[in-house]
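Chemist: File follows, run-v5.txt with compact mmCIF, N, CA and C atoms:
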# COMPACT_ATOMS: atom_id res chain seq x y z
N MET A 1 17.17 -83.26 -188.45
CA MET A 1 17.13 -81.92 -187.85
C MET A 1 16.52 -81.99 -186.45
N GLN A 2 17.13 -81.23 -185.56
CA GLN A 2 16.60 -81.10 -184.21
C GLN A 2 15.96 -79.73 -184.08
N ARG A 3 15.14 -79.59 -183.07
CA ARG A 3 14.48 -78.31 -182.82
C ARG A 3 15.14 -77.64 -181.61
N ASP A 4 15.25 -76.30 -181.68
CA ASP A 4 15.79 -75.57 -180.54
C ASP A 4 14.68 -75.27 -179.54
N LEU A 5 14.98 -74.54 -178.49
CA LEU A 5 14.00 -74.24 -177.44
C LEU A 5 12.80 -73.45 -177.95
N PHE A 6 12.96 -72.73 -179.04
CA PHE A 6 11.89 -71.90 -179.56
C PHE A 6 11.15 -72.55 -180.71
N GLY A 7 11.42 -73.82 -180.97
CA GLY A 7 10.71 -74.54 -182.02
C GLY A 7 11.35 -74.43 -183.40
N GLY A 8 12.42 -73.66 -183.52
CA GLY A 8 13.11 -73.54 -184.81
C GLY A 8 13.99 -74.75 -185.06
N ARG A 9 14.37 -74.91 -186.29
CA ARG A 9 15.24 -76.04 -186.64
C ARG A 9 16.69 -75.69 -186.40
N ARG A 10 17.46 -76.69 -186.00
CA ARG A 10 18.90 -76.52 -185.88
C ARG A 10 19.56 -77.77 -186.42
N SER A 11 20.76 -77.60 -186.90
CA SER A 11 21.46 -78.74 -187.48
C SER A 11 22.05 -79.63 -186.39
N THR A 12 22.29 -80.87 -186.75
CA THR A 12 22.92 -81.81 -185.83
C THR A 12 24.38 -81.41 -185.64
N PRO A 13 24.86 -81.34 -184.39
CA PRO A 13 26.26 -80.93 -184.17
C PRO A 13 27.24 -81.96 -184.72
N ASP A 14 28.34 -81.47 -185.22
CA ASP A 14 29.40 -82.34 -185.73
C ASP A 14 30.31 -82.69 -184.55
N LEU A 15 30.17 -83.91 -184.03
CA LEU A 15 30.92 -84.31 -182.85
C LEU A 15 32.42 -84.40 -183.08
N SER A 16 32.85 -84.55 -184.31
CA SER A 16 34.29 -84.63 -184.58
C SER A 16 34.98 -83.28 -184.39
N THR A 17 34.24 -82.18 -184.45
CA THR A 17 34.84 -80.86 -184.28
C THR A 17 34.28 -80.11 -183.08
N PHE A 18 33.49 -80.76 -182.26
CA PHE A 18 32.83 -80.09 -181.14
C PHE A 18 33.82 -79.41 -180.19
N TRP A 19 34.91 -80.10 -179.85
CA TRP A 19 35.87 -79.57 -178.87
C TRP A 19 37.01 -78.79 -179.52
N SER A 20 37.01 -78.60 -180.79
CA SER A 20 38.09 -77.85 -181.43
C SER A 20 37.69 -76.37 -181.54
N ALA A 21 38.70 -75.53 -181.47
CA ALA A 21 38.47 -74.09 -181.56
C ALA A 21 38.64 -73.62 -183.00
N PRO A 22 37.95 -72.56 -183.37
CA PRO A 22 38.14 -72.02 -184.71
C PRO A 22 39.57 -71.52 -184.87
N PRO A 23 40.10 -71.54 -186.10
CA PRO A 23 41.50 -71.14 -186.33
C PRO A 23 41.83 -69.73 -185.87
N ALA A 24 40.88 -68.83 -185.87
CA ALA A 24 41.15 -67.44 -185.49
C ALA A 24 41.57 -67.31 -184.02
N THR A 25 41.18 -68.25 -183.18
CA THR A 25 41.53 -68.15 -181.76
C THR A 25 43.02 -68.34 -181.53
N GLU A 26 43.73 -68.94 -182.43
CA GLU A 26 45.17 -69.12 -182.27
C GLU A 26 45.92 -67.81 -182.46
N GLU A 27 45.28 -66.81 -183.00
CA GLU A 27 45.93 -65.54 -183.29
C GLU A 27 45.65 -64.48 -182.23
N VAL A 28 45.04 -64.85 -181.12
CA VAL A 28 44.71 -63.88 -180.08
C VAL A 28 45.99 -63.45 -179.37
N ALA A 29 46.19 -62.16 -179.27
CA ALA A 29 47.37 -61.62 -178.58
C ALA A 29 47.02 -61.40 -177.11
N LEU A 30 47.80 -61.98 -176.24
CA LEU A 30 47.59 -61.80 -174.80
C LEU A 30 48.66 -60.89 -174.24
N HIS A 31 48.29 -60.10 -173.26
CA HIS A 31 49.22 -59.19 -172.61
C HIS A 31 49.24 -59.50 -171.12
N PHE A 32 50.40 -59.81 -170.59
CA PHE A 32 50.55 -60.09 -169.17
C PHE A 32 51.38 -58.98 -168.55
N ALA A 33 50.95 -58.49 -167.39
CA ALA A 33 51.70 -57.43 -166.71
C ALA A 33 51.45 -57.52 -165.22
N LEU A 34 52.38 -56.97 -164.47
CA LEU A 34 52.23 -56.92 -163.02
C LEU A 34 51.20 -55.85 -162.67
N PRO A 35 50.48 -56.02 -161.56
CA PRO A 35 49.50 -55.00 -161.17
C PRO A 35 50.19 -53.69 -160.80
N GLU A 36 49.47 -52.60 -160.92
CA GLU A 36 50.03 -51.29 -160.59
C GLU A 36 50.19 -51.11 -159.09
N SER A 37 49.39 -51.80 -158.30
CA SER A 37 49.46 -51.70 -156.85
C SER A 37 49.49 -53.09 -156.25
N ASP A 38 50.40 -53.32 -155.32
CA ASP A 38 50.50 -54.63 -154.68
C ASP A 38 49.53 -54.72 -153.51
N ALA A 39 48.96 -55.89 -153.31
CA ALA A 39 48.05 -56.19 -152.19
C ALA A 39 46.80 -55.32 -152.20
N LEU A 40 46.32 -54.97 -153.36
CA LEU A 40 45.15 -54.10 -153.46
C LEU A 40 43.93 -54.67 -152.74
N PRO A 41 43.63 -55.99 -152.84
CA PRO A 41 42.47 -56.49 -152.09
C PRO A 41 42.59 -56.28 -150.59
N VAL A 42 43.79 -56.47 -150.05
CA VAL A 42 44.01 -56.28 -148.61
C VAL A 42 43.80 -54.81 -148.25
N LYS A 43 44.29 -53.92 -149.07
CA LYS A 43 44.15 -52.49 -148.81
C LYS A 43 42.69 -52.04 -148.93
N ARG A 44 41.98 -52.59 -149.91
CA ARG A 44 40.58 -52.20 -150.13
C ARG A 44 39.66 -52.67 -149.00
N LEU A 45 40.02 -53.80 -148.39
CA LEU A 45 39.19 -54.33 -147.30
C LEU A 45 39.31 -53.52 -146.02
N GLY A 46 40.37 -52.75 -145.89
CA GLY A 46 40.55 -51.92 -144.70
C GLY A 46 41.24 -52.68 -143.58
N PRO A 47 41.28 -52.06 -142.39
CA PRO A 47 41.97 -52.68 -141.26
C PRO A 47 41.41 -54.05 -140.91
N SER A 48 42.32 -54.94 -140.60
CA SER A 48 41.92 -56.31 -140.26
C SER A 48 41.74 -56.45 -138.75
N PRO A 49 40.69 -57.12 -138.32
CA PRO A 49 40.46 -57.26 -136.88
C PRO A 49 41.43 -58.20 -136.17
N PHE A 50 42.18 -59.00 -136.90
CA PHE A 50 43.07 -59.96 -136.28
C PHE A 50 44.54 -59.56 -136.35
N VAL A 51 44.84 -58.34 -136.81
CA VAL A 51 46.21 -57.89 -136.97
C VAL A 51 46.56 -56.89 -135.87
N ARG A 52 47.71 -57.10 -135.24
CA ARG A 52 48.15 -56.18 -134.18
C ARG A 52 48.82 -54.93 -134.75
N ASP A 53 49.66 -55.14 -135.77
CA ASP A 53 50.40 -54.03 -136.36
C ASP A 53 50.03 -53.93 -137.84
N GLU A 54 49.14 -53.02 -138.15
CA GLU A 54 48.61 -52.88 -139.51
C GLU A 54 49.70 -52.54 -140.52
N ALA A 55 50.66 -51.70 -140.15
CA ALA A 55 51.73 -51.31 -141.07
C ALA A 55 52.60 -52.50 -141.45
N VAL A 56 52.96 -53.32 -140.48
CA VAL A 56 53.77 -54.51 -140.75
C VAL A 56 52.99 -55.48 -141.61
N PHE A 57 51.71 -55.66 -141.30
CA PHE A 57 50.86 -56.57 -142.07
C PHE A 57 50.76 -56.12 -143.52
N THR A 58 50.50 -54.83 -143.74
CA THR A 58 50.36 -54.31 -145.10
C THR A 58 51.67 -54.43 -145.87
N THR A 59 52.78 -54.10 -145.22
CA THR A 59 54.09 -54.22 -145.89
C THR A 59 54.38 -55.66 -146.26
N THR A 60 54.09 -56.58 -145.35
CA THR A 60 54.31 -58.01 -145.62
C THR A 60 53.43 -58.49 -146.75
N MET A 61 52.16 -58.11 -146.73
CA MET A 61 51.24 -58.52 -147.78
C MET A 61 51.65 -57.94 -149.14
N GLU A 62 52.13 -56.69 -149.15
CA GLU A 62 52.61 -56.10 -150.40
C GLU A 62 53.77 -56.92 -150.97
N ARG A 63 54.71 -57.30 -150.11
CA ARG A 63 55.85 -58.09 -150.56
C ARG A 63 55.40 -59.45 -151.08
N LEU A 64 54.49 -60.10 -150.36
CA LEU A 64 53.99 -61.41 -150.80
C LEU A 64 53.23 -61.31 -152.12
N TYR A 65 52.36 -60.33 -152.22
CA TYR A 65 51.60 -60.14 -153.47
C TYR A 65 52.55 -59.86 -154.62
N ARG A 66 53.59 -59.05 -154.39
CA ARG A 66 54.55 -58.73 -155.44
C ARG A 66 55.28 -59.99 -155.90
N GLN A 67 55.74 -60.81 -154.95
CA GLN A 67 56.45 -62.03 -155.30
C GLN A 67 55.55 -63.02 -156.03
N ILE A 68 54.32 -63.15 -155.56
CA ILE A 68 53.37 -64.05 -156.22
C ILE A 68 53.06 -63.55 -157.62
N GLY A 69 52.88 -62.24 -157.78
CA GLY A 69 52.61 -61.66 -159.10
C GLY A 69 53.77 -61.88 -160.06
N GLU A 70 55.00 -61.69 -159.57
CA GLU A 70 56.17 -61.91 -160.41
C GLU A 70 56.27 -63.37 -160.83
N TYR A 71 56.00 -64.27 -159.91
CA TYR A 71 56.06 -65.69 -160.21
C TYR A 71 54.97 -66.07 -161.23
N ALA A 72 53.76 -65.55 -161.03
CA ALA A 72 52.65 -65.84 -161.95
C ALA A 72 52.97 -65.31 -163.35
N LEU A 73 53.59 -64.13 -163.41
CA LEU A 73 53.96 -63.57 -164.71
C LEU A 73 54.99 -64.45 -165.40
N LEU A 74 55.98 -64.92 -164.65
CA LEU A 74 56.97 -65.81 -165.24
C LEU A 74 56.35 -67.13 -165.69
N LEU A 75 55.42 -67.65 -164.92
CA LEU A 75 54.71 -68.88 -165.33
C LEU A 75 53.93 -68.64 -166.62
N ALA A 76 53.25 -67.51 -166.69
CA ALA A 76 52.45 -67.19 -167.89
C ALA A 76 53.35 -67.07 -169.12
N LEU A 77 54.57 -66.60 -168.92
CA LEU A 77 55.50 -66.45 -170.03
C LEU A 77 56.32 -67.71 -170.28
N GLY A 78 56.04 -68.76 -169.49
CA GLY A 78 56.71 -70.03 -169.67
C GLY A 78 58.11 -70.08 -169.09
N ASP A 79 58.36 -69.28 -168.06
CA ASP A 79 59.70 -69.16 -167.52
C ASP A 79 59.77 -69.45 -166.02
N GLY A 80 58.74 -69.98 -165.41
CA GLY A 80 58.69 -70.07 -163.96
C GLY A 80 58.98 -71.42 -163.35
N ASP A 81 59.28 -72.42 -164.15
CA ASP A 81 59.47 -73.77 -163.60
C ASP A 81 60.66 -73.91 -162.68
N SER A 82 61.73 -73.20 -162.95
CA SER A 82 62.96 -73.40 -162.19
C SER A 82 63.13 -72.38 -161.07
N LEU A 83 62.12 -71.59 -160.78
CA LEU A 83 62.26 -70.54 -159.78
C LEU A 83 61.95 -71.04 -158.38
N ASN A 84 62.61 -70.45 -157.42
CA ASN A 84 62.31 -70.69 -156.02
C ASN A 84 61.50 -69.50 -155.54
N LEU A 85 60.37 -69.74 -154.92
CA LEU A 85 59.49 -68.65 -154.51
C LEU A 85 59.67 -68.38 -153.02
N PRO A 86 60.40 -67.31 -152.65
CA PRO A 86 60.62 -67.02 -151.24
C PRO A 86 59.34 -66.67 -150.50
N ALA A 87 58.28 -66.28 -151.21
CA ALA A 87 57.03 -65.93 -150.55
C ALA A 87 56.45 -67.11 -149.79
N VAL A 88 56.70 -68.32 -150.26
CA VAL A 88 56.17 -69.50 -149.57
C VAL A 88 56.80 -69.62 -148.19
N GLU A 89 58.12 -69.50 -148.12
CA GLU A 89 58.79 -69.57 -146.82
C GLU A 89 58.35 -68.43 -145.92
N GLU A 90 58.18 -67.24 -146.48
CA GLU A 90 57.75 -66.08 -145.71
C GLU A 90 56.35 -66.30 -145.14
N ALA A 91 55.46 -66.82 -145.96
CA ALA A 91 54.09 -67.07 -145.51
C ALA A 91 54.07 -68.14 -144.42
N GLU A 92 54.87 -69.17 -144.58
CA GLU A 92 54.91 -70.23 -143.57
C GLU A 92 55.45 -69.69 -142.25
N ARG A 93 56.39 -68.77 -142.32
CA ARG A 93 56.96 -68.19 -141.11
C ARG A 93 55.96 -67.31 -140.40
N LEU A 94 55.12 -66.59 -141.16
CA LEU A 94 54.18 -65.63 -140.58
C LEU A 94 52.89 -66.26 -140.09
N LEU A 95 52.51 -67.39 -140.66
CA LEU A 95 51.25 -68.01 -140.26
C LEU A 95 51.37 -68.69 -138.90
N PRO A 96 50.32 -68.61 -138.09
CA PRO A 96 50.34 -69.35 -136.82
C PRO A 96 50.41 -70.84 -137.09
N GLU A 97 51.00 -71.57 -136.19
CA GLU A 97 51.19 -73.01 -136.39
C GLU A 97 49.88 -73.80 -136.38
N ASP A 98 48.85 -73.29 -135.72
CA ASP A 98 47.59 -74.03 -135.62
C ASP A 98 46.67 -73.83 -136.81
N VAL A 99 47.10 -73.09 -137.81
CA VAL A 99 46.27 -72.86 -139.01
C VAL A 99 46.41 -74.01 -139.96
Using the file provided, produce a representation of the structure as structure tokens.
Modeler:
Amino acid sequence: MQRDLFGGRRSTPDLSTFWSAPPATEEVALHFALPESDALPVKRLGPSPFVRDEAVFTTTMERLYRQIGEYALLLALGDGDSLNLPAVEEAERLLPEDV
């Protein structure tokens, strides 16, 4: 027997089952969904000091967030391996070359 931090007794851990999860965890139901609003972090932060046209920036970020969210949802559902993500090309086009 080992002692815990408070001086009480504790049993020796069973190393053969240490990294295994209890059977009940296999029955957890997960729900995946797209967010209700696209680019919410960008909108919550307010106007950006490095953007010339806030409307174009917000629209672009909404489209990118939407595409990334759709792709992440498909990955979570096990369906995203064969997809082409246009947001990557869009982001590369919009980013300055020196970044």
Chemist: Could you check how far atom C of Arg52 in chain A sits from atom C of Ile68 in chain A, in Å to one decimal?
Modeler: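 Atom C of Arg52 in chain A sits 24.8 Å away from atom C of Ile68 in chain A.
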Chemist: Axis-aligned box over every listed atom of range 35-48 of chain A, padded by 4 Å per side: centre and edges in Å to one decimal, as lines of an AutoDock Vina configuration file?
Modeler:
center_x = 44.8
center_y = -53.8
center_z = -150.2
size_x = 19.3
size_y = 13.4
size_z = 30.8
Chemist: Is there a way to get, as an MDAnalysis selection string, all residues within 9 Å of the point (53.2, -62.3, -171.1) in file coordinates, counting only C-alpha atoms?
Modeler: chainID A and resid 30:33 73:78
Chemist: Which distance in Å separates CA of Leu34 in chain A and atom N of Glu54 in chain A, to one decimal?
Modeler: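 Going from CA of Leu34 in chain A over to atom N of Glu54 in chain A, I get 25.4 Å.
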Chemist: Ranking A:Arg63, A:Asp79, A:Thr12, A:Asp53 by minimum distance to Asp38 in chain A and counting only C-alpha atoms, which one comes first?
Modeler: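 Of the candidates, the smallest distance to Asp38 in chain A is held by A:Arg63.
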Chemist: Have a look at atom C of Leu45 in chain A and atom C of Glu62 in chain A and let me know their distance in Å, one decimal.
Modeler: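 So the answer is 15.7 Å.
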Chemist: Under the rule that only N, CA and C atoms are counted, which of A:Val42, A:Ala29, A:Ser11, A:Ser16 is the nearest residue to Met61 in chain A?
Modeler: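 For Met61 in chain A, the nearest of the candidates is A:Val42.
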